[in-house]
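Asker: Okay, so here is protein-v3.cif, and as you'll see once you scroll down, it has mmCIF, C-alpha atoms.
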```
data_start
loop_
_atom_site.label_atom_id
_atom_site.label_comp_id
_atom_site.auth_asym_id
_atom_site.auth_seq_id
_atom_site.Cartn_x
_atom_site.Cartn_y
_atom_site.Cartn_z
CA MET N 159 0.00 0.00 0.00
CA ARG N 160 2.03 2.84 -1.16
CA THR N 161 0.53 6.10 -2.34
CA THR N 162 2.57 9.19 -2.92
CA GLY N 163 2.00 11.44 -5.89
CA ASN N 164 1.51 8.94 -8.73
CA THR N 165 -1.25 6.83 -7.24
CA ALA N 166 -1.83 4.89 -10.44
CA GLY N 167 1.63 3.35 -10.24
CA ARG N 168 1.47 2.71 -6.53
CA LEU N 169 -2.03 1.48 -5.87
CA GLY N 170 -0.66 -1.73 -4.43
CA LEU N 171 0.74 -0.14 -1.32
CA VAL N 172 -2.33 1.24 0.25
CA LEU N 173 -3.84 -0.38 3.42
CA LEU N 174 -6.03 0.16 6.45
CA ALA N 175 -8.50 2.26 8.32
CA SER N 176 -12.13 3.44 8.24
CA ALA N 177 -14.37 5.85 9.91
CA ALA N 178 -17.29 3.56 10.06
CA LEU N 179 -17.31 0.87 12.64
CA VAL N 180 -14.93 -0.11 15.20
CA ALA N 181 -13.49 2.31 17.62
CA VAL N 182 -15.57 3.85 20.28
CA ALA N 183 -14.73 3.12 23.90
CA PRO N 184 -16.55 0.08 25.34
CA PRO N 185 -19.99 0.93 26.68
CA PRO N 186 -20.59 1.12 30.41
CA HIS N 187 -21.30 -2.27 31.97
CA ALA N 188 -24.89 -1.40 32.80
CA ALA N 189 -25.67 -0.37 29.23
CA ALA N 190 -23.82 -3.31 27.72
CA THR N 191 -25.64 -5.98 29.71
CA GLY N 192 -29.17 -4.62 29.37
CA ALA N 193 -31.97 -6.69 27.97
CA VAL N 194 -32.88 -6.37 24.31
CA ALA N 195 -36.02 -4.36 23.67
CA ALA N 196 -37.90 -3.73 20.45
CA ARG N 197 -37.30 -0.38 18.73
CA PRO N 198 -39.96 1.66 17.00
CA ALA N 199 -40.30 0.63 13.36
CA SER N 200 -39.27 4.09 12.21
CA ASP N 201 -35.92 3.61 13.97
CA ALA N 202 -35.22 0.16 12.64
CA ALA N 203 -33.54 0.70 9.27
CA PRO N 204 -29.87 -0.28 9.67
CA ALA N 205 -27.11 1.79 8.11
CA VAL N 206 -25.03 -0.09 5.57
CA THR N 207 -21.41 0.91 5.10
CA VAL N 208 -19.79 1.49 1.72
CA GLU N 209 -17.90 -1.78 2.11
CA GLU N 210 -21.02 -3.75 2.99
CA GLY N 211 -22.85 -2.21 0.04
CA ARG N 212 -20.47 -3.97 -2.36
CA LEU N 213 -21.69 -7.37 -1.13
CA ASP N 214 -24.63 -7.34 -3.52
CA ARG N 215 -22.42 -7.38 -6.58
CA ASP N 216 -21.81 -10.59 -8.50
CA VAL N 217 -18.13 -11.14 -7.65
CA PRO N 218 -18.50 -11.20 -3.84
CA ARG N 219 -21.50 -13.52 -4.15
CA ARG N 220 -19.52 -15.87 -6.38
CA ILE N 221 -16.50 -15.87 -4.06
CA LEU N 222 -18.68 -16.69 -1.06
CA ALA N 223 -20.58 -19.43 -2.89
CA ASP N 224 -17.52 -21.07 -4.43
CA SER N 225 -15.71 -21.16 -1.08
CA GLY N 226 -18.70 -22.34 0.90
CA PHE N 227 -18.53 -19.22 3.08
CA ASP N 228 -21.98 -18.08 1.95
CA GLY N 229 -23.52 -19.81 4.96
CA VAL N 230 -21.42 -17.92 7.52
CA ALA N 231 -23.56 -14.79 7.81
CA PRO N 232 -26.94 -16.60 7.87
CA ALA N 233 -25.70 -18.81 10.73
CA PHE N 234 -24.59 -15.72 12.62
CA ALA N 235 -27.93 -14.01 11.99
CA THR N 236 -29.73 -17.04 13.45
CA ALA N 237 -27.56 -16.85 16.58
CA LEU N 238 -28.30 -13.13 16.97
CA ARG N 239 -32.03 -13.71 16.70
CA GLY N 240 -31.72 -16.02 19.69
CA ALA N 241 -29.94 -13.38 21.80
CA GLY N 242 -32.08 -11.78 24.47
CA SER N 243 -29.42 -9.47 25.93
CA TYR N 244 -26.21 -7.67 25.12
CA ALA N 245 -24.20 -10.38 26.85
CA GLN N 246 -25.75 -13.10 24.70
CA ALA N 247 -25.21 -11.05 21.54
CA GLU N 248 -21.57 -10.46 22.46
CA ARG N 249 -21.02 -14.17 23.04
CA ALA N 250 -22.48 -14.84 19.61
CA ALA N 251 -20.26 -12.19 17.99
CA VAL N 252 -17.13 -13.56 19.64
CA ARG N 253 -17.95 -17.20 18.95
CA HIS N 254 -18.83 -16.66 15.29
CA GLY N 255 -15.96 -14.20 14.75
CA GLU N 256 -13.42 -16.67 16.12
CA ARG N 257 -15.02 -19.45 14.09
CA LEU N 258 -14.72 -17.44 10.87
CA TRP N 259 -11.03 -16.68 11.47
CA ARG N 260 -10.24 -20.31 12.28
CA ARG N 261 -12.19 -21.55 9.29
CA ALA N 262 -10.32 -19.20 6.94
CA VAL N 263 -6.96 -20.24 8.40
CA ASP N 264 -7.84 -23.93 8.18
CA ARG N 265 -8.96 -23.56 4.58
CA ALA N 266 -5.74 -21.77 3.63
CA GLN N 267 -3.64 -24.42 5.34
CA GLY N 268 -5.41 -27.39 3.77
CA ARG N 269 -7.67 -28.45 6.63
CA GLY N 270 -11.41 -28.97 6.32
CA PRO N 271 -13.55 -28.47 3.22
CA ALA N 272 -12.34 -26.06 0.58
CA GLY N 273 -15.87 -25.31 -0.61
CA PRO N 274 -18.18 -26.69 -3.29
CA GLN N 275 -16.08 -25.17 -6.09
CA GLU N 276 -12.53 -25.96 -4.95
CA HIS N 277 -11.44 -26.11 -8.58
CA ALA N 278 -12.81 -22.60 -9.07
CA LEU N 279 -11.41 -20.96 -5.95
CA SER N 280 -8.13 -22.23 -4.54
CA ARG N 281 -7.57 -22.73 -0.81
CA ASP N 282 -4.96 -19.98 -0.53
CA ASP N 283 -7.52 -17.27 -1.36
CA ASP N 284 -7.93 -14.51 1.27
CA ARG N 285 -11.14 -13.08 -0.20
CA PRO N 286 -13.72 -15.44 1.40
CA LEU N 287 -12.68 -14.15 4.83
CA TYR N 288 -13.08 -10.53 3.78
CA TRP N 289 -16.49 -10.86 2.18
CA ALA N 290 -17.88 -13.22 4.83
CA ARG N 291 -16.89 -10.77 7.58
CA LEU N 292 -18.68 -7.93 5.80
CA ALA N 293 -21.77 -10.09 5.44
CA MET N 294 -21.63 -10.69 9.20
CA THR N 295 -21.25 -7.01 10.09
CA ARG N 296 -24.22 -6.21 7.88
CA GLU N 297 -26.30 -8.79 9.72
CA LEU N 298 -25.17 -7.36 13.04
CA ARG N 299 -26.22 -3.85 12.04
CA ALA N 300 -29.65 -5.10 10.98
CA TRP N 301 -30.13 -6.97 14.26
CA HIS N 302 -28.90 -4.03 16.35
CA ALA N 303 -31.32 -1.65 14.65
CA GLU N 304 -34.18 -3.79 15.97
CA SER N 305 -32.68 -4.67 19.35
CA GLY N 306 -33.21 -1.54 21.41
CA LEU N 307 -29.59 -1.60 22.59
CA SER N 308 -27.65 1.65 22.79
CA GLU N 309 -25.48 2.93 19.98
CA ALA N 310 -22.40 2.35 22.15
CA ALA N 311 -23.41 -1.28 22.68
CA GLY N 312 -23.73 -1.74 18.92
CA VAL N 313 -20.28 -0.29 18.35
CA ARG N 314 -18.83 -2.61 20.97
CA LEU N 315 -20.44 -5.65 19.32
CA LEU N 316 -18.99 -4.63 15.97
CA GLU N 317 -15.61 -4.15 17.60
CA ARG N 318 -15.64 -7.65 19.09
CA LEU N 319 -16.78 -9.20 15.83
CA GLU N 320 -14.07 -7.36 13.88
CA SER N 321 -11.22 -8.15 16.26
CA THR N 322 -12.05 -11.84 16.67
CA SER N 323 -12.67 -12.48 12.97
CA ARG N 324 -9.34 -10.84 12.13
CA GLY N 325 -7.25 -12.94 14.53
CA GLN N 326 -6.39 -9.84 16.56
CA GLU N 327 -7.61 -11.16 19.90
CA SER N 328 -5.64 -14.40 19.56
CA LEU N 329 -2.32 -12.67 18.77
CA ALA N 330 -1.17 -12.80 22.40
CA VAL N 331 -2.06 -16.49 22.77
CA GLY N 332 0.22 -19.45 22.12
CA GLY N 333 3.94 -19.85 21.66
CA GLY N 334 6.23 -18.08 24.07
CA ARG N 335 9.84 -18.28 25.18
CA ASP N 336 8.90 -20.47 28.14
CA LYS N 337 8.17 -23.30 25.70
CA GLY N 338 11.47 -22.97 23.89
CA LEU N 339 9.89 -21.33 20.89
CA LYS N 340 10.69 -18.05 19.30
CA ARG N 341 7.49 -16.10 18.74
CA ILE N 342 6.86 -14.12 15.58
CA VAL N 343 3.99 -11.73 14.92
CA VAL N 344 2.97 -11.10 11.29
CA THR N 345 0.15 -8.84 10.11
CA GLY N 346 -1.65 -8.48 6.78
CA PHE N 347 -4.45 -6.40 5.24
CA ASP N 348 -7.85 -6.68 3.62
CA PRO N 349 -8.24 -6.29 -0.15
CA PHE N 350 -8.53 -2.65 -1.22
CA THR N 351 -9.17 -0.39 -4.26
CA LEU N 352 -12.30 -2.49 -4.79
CA ASP N 353 -14.07 0.16 -6.84
CA ARG N 354 -11.27 -0.13 -9.36
CA ASP N 355 -11.48 -3.94 -9.46
CA ILE N 356 -13.80 -5.75 -7.07
CA ARG N 357 -12.02 -9.04 -7.78
CA ILE N 358 -8.90 -7.87 -5.95
CA SER N 359 -7.14 -10.12 -3.46
CA ASN N 360 -4.44 -8.93 -1.05
CA PRO N 361 -1.36 -11.17 -0.85
CA SER N 362 -0.57 -9.88 2.64
CA GLY N 363 -3.89 -11.26 3.86
CA ALA N 364 -3.12 -14.59 2.17
CA VAL N 365 0.27 -14.60 3.93
CA ALA N 366 -1.43 -14.07 7.29
CA LEU N 367 -3.83 -16.97 6.73
CA ALA N 368 -1.10 -19.29 5.47
CA LEU N 369 1.28 -18.59 8.38
CA ASP N 370 -1.02 -18.32 11.39
CA GLY N 371 -0.14 -20.89 14.04
CA THR N 372 2.58 -22.49 11.92
CA VAL N 373 6.05 -23.33 13.17
CA ILE N 374 9.02 -22.26 11.07
CA ARG N 375 12.22 -24.24 11.50
CA THR N 376 15.18 -21.89 11.79
CA ALA N 377 18.87 -22.47 12.36
CA ASP N 378 18.31 -21.33 15.95
CA GLY N 379 15.35 -23.59 16.60
CA PRO N 380 11.60 -23.48 16.01
CA ALA N 381 9.61 -20.25 15.76
CA ARG N 382 5.83 -20.06 16.02
CA VAL N 383 4.03 -17.49 13.89
CA GLU N 384 0.87 -15.71 15.05
CA THR N 385 -0.95 -13.46 12.60
CA ALA N 386 -3.78 -10.98 12.27
CA VAL N 387 -5.41 -9.00 9.46
CA PHE N 388 -6.28 -5.30 9.57
CA PRO N 389 -8.91 -3.22 7.79
CA VAL N 390 -8.13 -0.68 5.09
CA ARG N 391 -9.88 2.16 6.88
CA TRP N 392 -8.37 5.39 8.18
CA GLY N 393 -10.83 5.67 11.05
CA ASP N 394 -9.98 2.32 12.62
CA PHE N 395 -6.31 3.25 12.71
CA ALA N 396 -7.06 6.61 14.30
CA ASP N 397 -9.13 4.80 16.90
CA GLY N 398 -6.18 2.62 17.89
CA THR N 399 -6.95 -0.77 16.34
CA VAL N 400 -3.25 -1.43 15.70
CA GLU N 401 -2.15 -0.53 19.22
CA ARG N 402 -4.97 -2.55 20.83
CA ALA N 403 -3.98 -5.64 18.90
CA LEU N 404 -0.21 -5.32 19.31
CA ARG N 405 0.18 -3.92 22.82
CA ARG N 406 -0.11 -7.34 24.47
CA ALA N 407 1.51 -9.26 21.63
CA LEU N 408 4.79 -7.38 21.05
CA PRO N 409 6.20 -7.72 24.59
CA ARG N 410 5.97 -11.51 24.17
CA ALA N 411 7.37 -11.54 20.63
CA ASP N 412 10.91 -12.10 19.40
CA LEU N 413 10.18 -10.54 16.00
CA PHE N 414 7.34 -8.75 14.21
CA VAL N 415 6.71 -8.08 10.53
CA THR N 416 3.87 -5.94 9.19
CA VAL N 417 3.12 -6.86 5.58
CA SER N 418 1.21 -5.15 2.78
CA GLN N 419 1.02 -5.08 -1.02
CA GLY N 420 3.50 -2.77 -2.71
CA ARG N 421 5.13 -2.38 -6.10
CA VAL N 422 4.84 -4.54 -9.19
CA GLY N 423 7.43 -7.31 -9.42
CA ARG N 424 9.47 -6.57 -6.29
CA ILE N 425 9.62 -6.85 -2.53
CA ASP N 426 10.71 -3.93 -0.35
CA VAL N 427 11.98 -3.92 3.21
CA GLU N 428 11.02 -0.41 4.27
CA ARG N 429 13.79 1.28 6.26
CA TYR N 430 11.89 4.40 7.40
CA ASN N 431 8.26 5.10 8.30
CA GLY N 432 6.77 8.60 8.27
CA ALA N 433 4.17 10.25 10.51
CA TRP N 434 2.03 11.49 7.61
CA ARG N 435 -1.29 10.54 5.99
CA GLY N 436 -1.43 11.33 2.30
CA GLY N 437 -5.19 11.21 1.78
CA PHE N 438 -5.73 8.28 -0.61
CA GLY N 439 -9.28 6.95 -0.26
CA ASP N 440 -9.80 3.89 1.93
CA ASN N 441 -12.31 1.04 1.61
CA GLU N 442 -15.07 3.35 2.85
CA ASN N 443 -14.02 5.97 0.25
CA VAL N 444 -12.87 8.20 3.12
CA SER N 445 -9.79 10.40 2.69
CA GLN N 446 -7.52 11.56 5.53
CA THR N 447 -4.58 13.96 5.20
CA GLY N 448 -2.34 15.15 8.00
CA LEU N 449 -0.15 13.98 10.85
CA VAL N 450 -0.72 10.36 11.89
CA PRO N 451 -2.97 10.65 14.98
CA VAL N 452 -1.46 8.89 18.02
CA LYS N 453 -1.66 9.20 21.78
CA ASP N 454 0.74 11.69 23.38
CA PRO N 455 1.40 13.66 20.17
CA ALA N 456 3.82 15.93 22.05
CA THR N 457 6.37 13.09 22.02
CA GLN N 458 5.51 11.84 18.53
CA PRO N 459 8.53 11.50 16.22
CA GLN N 460 8.35 12.38 12.55
CA TRP N 461 10.13 9.15 11.66
CA THR N 462 10.55 5.63 12.97
CA ARG N 463 12.81 2.99 11.49
CA THR N 464 12.94 -0.73 10.98
CA THR N 465 14.98 -3.00 13.22
CA LEU N 466 14.58 -5.93 10.84
CA PRO N 467 17.89 -7.38 9.59
CA TYR N 468 17.40 -5.83 6.16
CA ALA N 469 20.89 -6.58 4.86
CA GLY N 470 20.50 -10.28 5.57
CA ILE N 471 17.02 -10.40 4.09
CA VAL N 472 18.13 -8.68 0.88
CA ALA N 473 21.15 -10.95 0.51
CA ALA N 474 19.24 -14.21 1.03
CA ASP N 475 17.78 -16.30 -1.78
CA THR N 476 14.15 -16.26 -0.67
CA GLY N 477 12.25 -16.64 -3.95
CA ARG N 478 11.58 -15.39 -7.45
CA PHE N 479 10.98 -11.70 -6.67
CA PRO N 480 13.95 -9.35 -6.12
CA VAL N 481 14.15 -7.90 -2.59
CA TYR N 482 15.30 -4.35 -1.91
CA ASP N 483 16.36 -2.35 1.12
CA ASN N 484 14.23 0.73 0.45
CA THR N 485 15.67 3.86 2.07
CA SER N 486 13.78 6.52 0.10
CA VAL N 487 11.48 9.00 1.86
CA THR N 488 9.70 12.26 1.10
CA GLU N 489 10.25 15.07 3.58
CA ILE N 490 9.97 18.80 4.11
CA PRO N 491 13.50 19.70 5.19
CA ALA N 492 14.04 21.71 8.36
CA GLY N 493 13.34 25.35 7.51
CA GLY N 494 11.80 24.41 4.15
CA THR N 495 8.27 24.52 2.78
CA ALA N 496 8.26 22.11 -0.17
CA PRO N 497 8.45 18.30 -0.13
CA VAL N 498 11.73 16.75 -1.26
CA VAL N 499 12.47 13.12 -2.11
CA ARG N 500 15.49 11.80 -0.21
CA PRO N 501 16.85 8.50 -1.54
CA ASP N 502 18.95 7.86 1.57
CA GLY N 503 16.46 8.55 4.33
CA PRO N 504 15.31 11.63 6.25
CA THR N 505 17.54 14.54 7.23
CA PRO N 506 17.67 15.96 10.80
CA GLY N 507 14.67 18.04 11.79
CA SER N 508 12.61 17.26 8.69
CA ALA N 509 8.85 16.78 8.58
CA ALA N 510 7.57 13.52 7.13
CA ARG N 511 5.49 13.48 3.96
CA ALA N 512 6.02 9.82 2.98
CA GLY N 513 7.95 6.93 4.41
CA GLY N 514 9.61 4.32 2.27
CA GLY N 515 6.22 2.62 2.22
CA GLY N 516 4.41 5.74 1.05
CA ASP N 517 1.78 7.78 2.88
CA TYR N 518 -1.09 5.30 3.07
CA LEU N 519 -2.08 2.70 5.65
CA SER N 520 0.85 0.36 4.99
CA ASN N 521 3.22 3.12 6.02
CA GLU N 522 0.93 3.90 8.95
CA ILE N 523 0.82 0.37 10.34
CA ALA N 524 4.61 0.26 10.12
CA TYR N 525 4.85 3.63 11.85
CA ARG N 526 2.40 2.67 14.60
CA ALA N 527 3.95 -0.75 15.24
CA THR N 528 7.52 0.56 15.42
CA LEU N 529 6.47 3.56 17.52
CA LEU N 530 4.73 1.16 19.92
CA ARG N 531 7.89 -0.95 20.01
CA ASP N 532 9.92 2.10 20.94
CA ARG N 533 7.44 3.45 23.48
CA LEU N 534 7.29 0.06 25.20
CA GLY N 535 11.10 0.00 25.31
CA LEU N 536 11.31 -3.28 23.42
CA ASP N 537 14.62 -4.35 21.89
CA ILE N 538 13.24 -6.66 19.22
CA PRO N 539 13.55 -6.70 15.44
CA GLY N 540 10.50 -5.40 13.66
CA GLY N 541 9.41 -3.47 10.61
CA HIS N 542 7.50 -3.52 7.34
CA VAL N 543 7.76 -5.61 4.17
CA HIS N 544 5.91 -4.78 0.96
CA THR N 545 4.97 -7.68 -1.30
CA PRO N 546 4.70 -7.47 -5.08
CA VAL N 547 1.35 -6.42 -6.52
CA LEU N 548 -0.79 -9.50 -7.07
CA GLN N 549 -1.60 -9.62 -10.78
CA PHE N 550 -4.14 -11.53 -12.83
CA GLY N 551 -2.98 -13.54 -15.80
CA PRO N 552 -2.85 -12.28 -19.40
CA GLY N 553 -6.31 -12.01 -20.86
CA ASN N 554 -7.91 -11.63 -17.43
CA THR N 555 -7.02 -8.06 -16.60
CA ASP N 556 -10.35 -6.36 -17.39
CA PRO N 557 -12.57 -6.39 -14.28
CA ALA N 558 -15.65 -5.92 -16.45
CA THR N 559 -15.13 -9.15 -18.38
CA GLY N 560 -12.54 -11.12 -16.40
CA SER N 561 -13.02 -14.09 -14.09
CA VAL N 562 -12.50 -13.97 -10.32
CA THR N 563 -9.37 -16.11 -10.55
CA ASP N 564 -6.99 -17.77 -13.00
CA PRO N 565 -3.93 -20.07 -12.78
CA VAL N 566 -1.40 -17.23 -13.08
CA PHE N 567 -3.17 -15.25 -10.37
CA VAL N 568 -3.13 -18.24 -8.01
CA GLN N 569 0.51 -19.08 -8.72
CA ASN N 570 1.55 -15.47 -8.14
CA ARG N 571 -0.18 -15.48 -4.76
CA LEU N 572 1.36 -18.82 -3.79
CA ASP N 573 4.84 -17.63 -4.79
CA ILE N 574 4.46 -14.40 -2.81
CA THR N 575 3.27 -16.31 0.25
CA GLU N 576 6.17 -18.75 0.15
CA GLN N 577 8.70 -15.98 -0.36
CA LEU N 578 7.31 -14.09 2.64
CA ARG N 579 7.53 -17.29 4.68
CA ALA N 580 11.20 -17.52 3.70
CA ILE N 581 11.80 -13.85 4.53
CA VAL N 582 10.31 -14.34 7.99
CA ARG N 583 12.59 -17.34 8.50
CA VAL N 584 15.67 -15.35 7.43
CA ALA N 585 14.67 -12.46 9.66
CA ALA N 586 14.39 -14.84 12.62
CA GLU N 587 17.78 -16.39 11.89
CA GLU N 588 19.57 -13.12 11.21
CA SER N 589 18.19 -11.59 14.41
#
```
Could you write out this structure as structure tokens?
Answerer:
Amino acid sequence: MRTTGNTAGRLGLVLLASAALVAVAPPPHAAATGAVAARPASDAAPAVTVEEGRLDRDVPRRILADSGFDGVAPAFATALRGAGSYAQAERAAVRHGERLWRRAVDRAQGRGPAGPQEHALSRDDDRPLYWARLAMTRELRAWHAESGLSEAAGVRLLERLESTSRGQESLAVGGGRDKGLKRIVVTGFDPFTLDRDIRISNPSGAVALALDGTVIRTADGPARVETAVFPVRWGDFADGTVERALRRALPRADLFVTVSQGRVGRIDVERYNGAWRGGFGDNENVSQTGLVPVKDPATQPQWTRTTLPYAGIVAADTGRFPVYDNTSVTEIPAGGTAPVVRPDGPTPGSAARAGGGGDYLSNEIAYRATLLRDRLGLDIPGGHVHTPVLQFGPGNTDPATGSVTDPVFVQNRLDITEQLRAIVRVAAEES
């Protein structure tokens, strides 16, 4: 997810955040545990987000049907209809959110059914998780509109559904040094730029599903990988979704890698991350420009940097795509007024306008994760890796006439996933 200036050439690097659902403080206990009461009919029409509105198009329906994930949201809706209180609704949201995440991981890793059209939609596909989650949030909104629960309670239910179905709440579970395992945290993103091509898949999300709970054998012993996926919505990032998910996980980790989709035909290890939002539209078609909003802005740095062993990663033979140590940034120099591209990193006193990973949500997750590392005083390797753009095969590039998948598309995604697995292994060994 990189967007600076020429967005057409950098659409792949974009990632995360939204102003629409997750992010208000949990409701007071009394409000959260109240009984469900019927609302007046005039108050019952649920809002549908921009993302959820895309569900009615043919491609999402086909992806859900071919994967067998089309039954996920109806089962969740049935559970909600049986809830007579906030507590029961929250248990349903957590249970079905966790079940969706585990089902997507199992499918990607070859366990359980692949769906009725396995030949049409390969197991490594990240898109069933994305569209099934949106179908669930739409059902939750519809139920909440009729429930009589407070707005804050509805936000909290959405938050729990989002965090469990993204693997965020399980990040701090499993592994650990006390069991003789290194522990690695890897994050990915939802598909994005869906109005340009609704068929889009995000290889970083596929990486997260393929690696979650797996053990990588390194020269220094086994390392367990725990993963999560984040939304491509500015608002969620501003509301602290990254920090909530990583605050408990990073102190127990030996290594972390945030991953997103970047340039065509190459992988970048991003050396520097900038504290700037460039305004590219997110999955809710919301634009945000300005300083990255974080807690305690008085101590906020303009730049953070990777502590990944970039030299070792670049030198290793990890797969078919070339890997680069990307040191370029865009800054306003101290005393200046105009942005300047610096190929060798920021200069003292400069103001960030783009990190190596651009000025979109991929840069922001890298900035937030490394800032959290530094604020927690953690001495662990961590940083951001951009994958190649996931491309459809020749003859299948027109979203108006193309199919939802093809053999080249699948092989590209598999190759990216395996190369990221190798990069994580090298990072663990070199650290």
Asker: Residues near region 566-578 of chain N, anyone? I mean within 8 Å using all atoms listed in the file, not counting same-chain ones fewer than 4 positions away, as a list of chain:residue names.
Answerer: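 The filter keeps N:Ser280, N:Asp282, N:Pro361, N:Ser362, N:Ala364, N:Val365, N:Ala368, N:Thr476, N:Gly477, N:Arg478, N:Phe479, N:Thr545, N:Pro546, N:Leu548, N:Gln549, N:Phe550, N:Gly551, N:Val582.
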Asker: So which residues touch Glu587 (chain N) within 7 Å, counting all atoms listed in the file, skipping near sequence neighbours fewer than 6 positions away, as a compact mmCIF listing (two decimals) with C-alpha atoms, in the coordinates of the input?
Answerer:
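The result, stored in out.txt:
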```txt
# COMPACT_ATOMS: atom_id res chain seq x y z
CA THR N 376 15.18 -21.89 11.79
CA ALA N 377 18.87 -22.47 12.36
CA ASP N 378 18.31 -21.33 15.95
```
Asker: Could you spell out the hits of the PyMOL selection byres ((chain N and resi 367) around 10) on the shown file, as a PyMOL selection string?
Answerer: chain N and resi 259-267+282-284+287+324-325+345-346+361-366+368-372+384-387+575
Asker: For CA of Asp397 (chain N) and CA of Arg354 (chain N), quote the distance in Å rounded to one decimal.
Answerer: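 So the two atoms, CA of Asp397 (chain N) and CA of Arg354 (chain N), lie 26.8 Å apart.
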Asker: Evaluate the PyMOL selection byres ((chain N and resi 525-538) around 6) against this structure - the residues, as an MDAnalysis selection string, please.
Answerer: chainID N and resid 412:413 431 522:524 539
Asker: Could you state which residues are captured by the PyMOL selection byres ((chain N and resi 247) around 12) in this file, as a ChimeraX atom specification?
Answerer: /N:190-194,234-246,248-255,298-299,301-302,305,307,311-312,314-316,318-319
Asker: Separation of CA of Pro459 (chain N) and CA of Arg410 (chain N), in Å?
Answerer: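 If I compute the distance from CA of Pro459 (chain N) to CA of Arg410 (chain N), I get 24.5 Å.
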Asker: With distances taken over all atoms listed in the file, which residue among N:Glu256, N:Asp394, N:Glu304, N:Asp216 lies nearest Glu327 (chain N)?
Answerer: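 Counting all atoms listed in the file, the residue closest to Glu327 (chain N) is N:Glu256.
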Asker: I'd like the interatomic distance between CA of Ala510 (chain N) and CA of Glu489 (chain N), to a tenth of an Å.
Answerer: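 The value is 4.7 Å.
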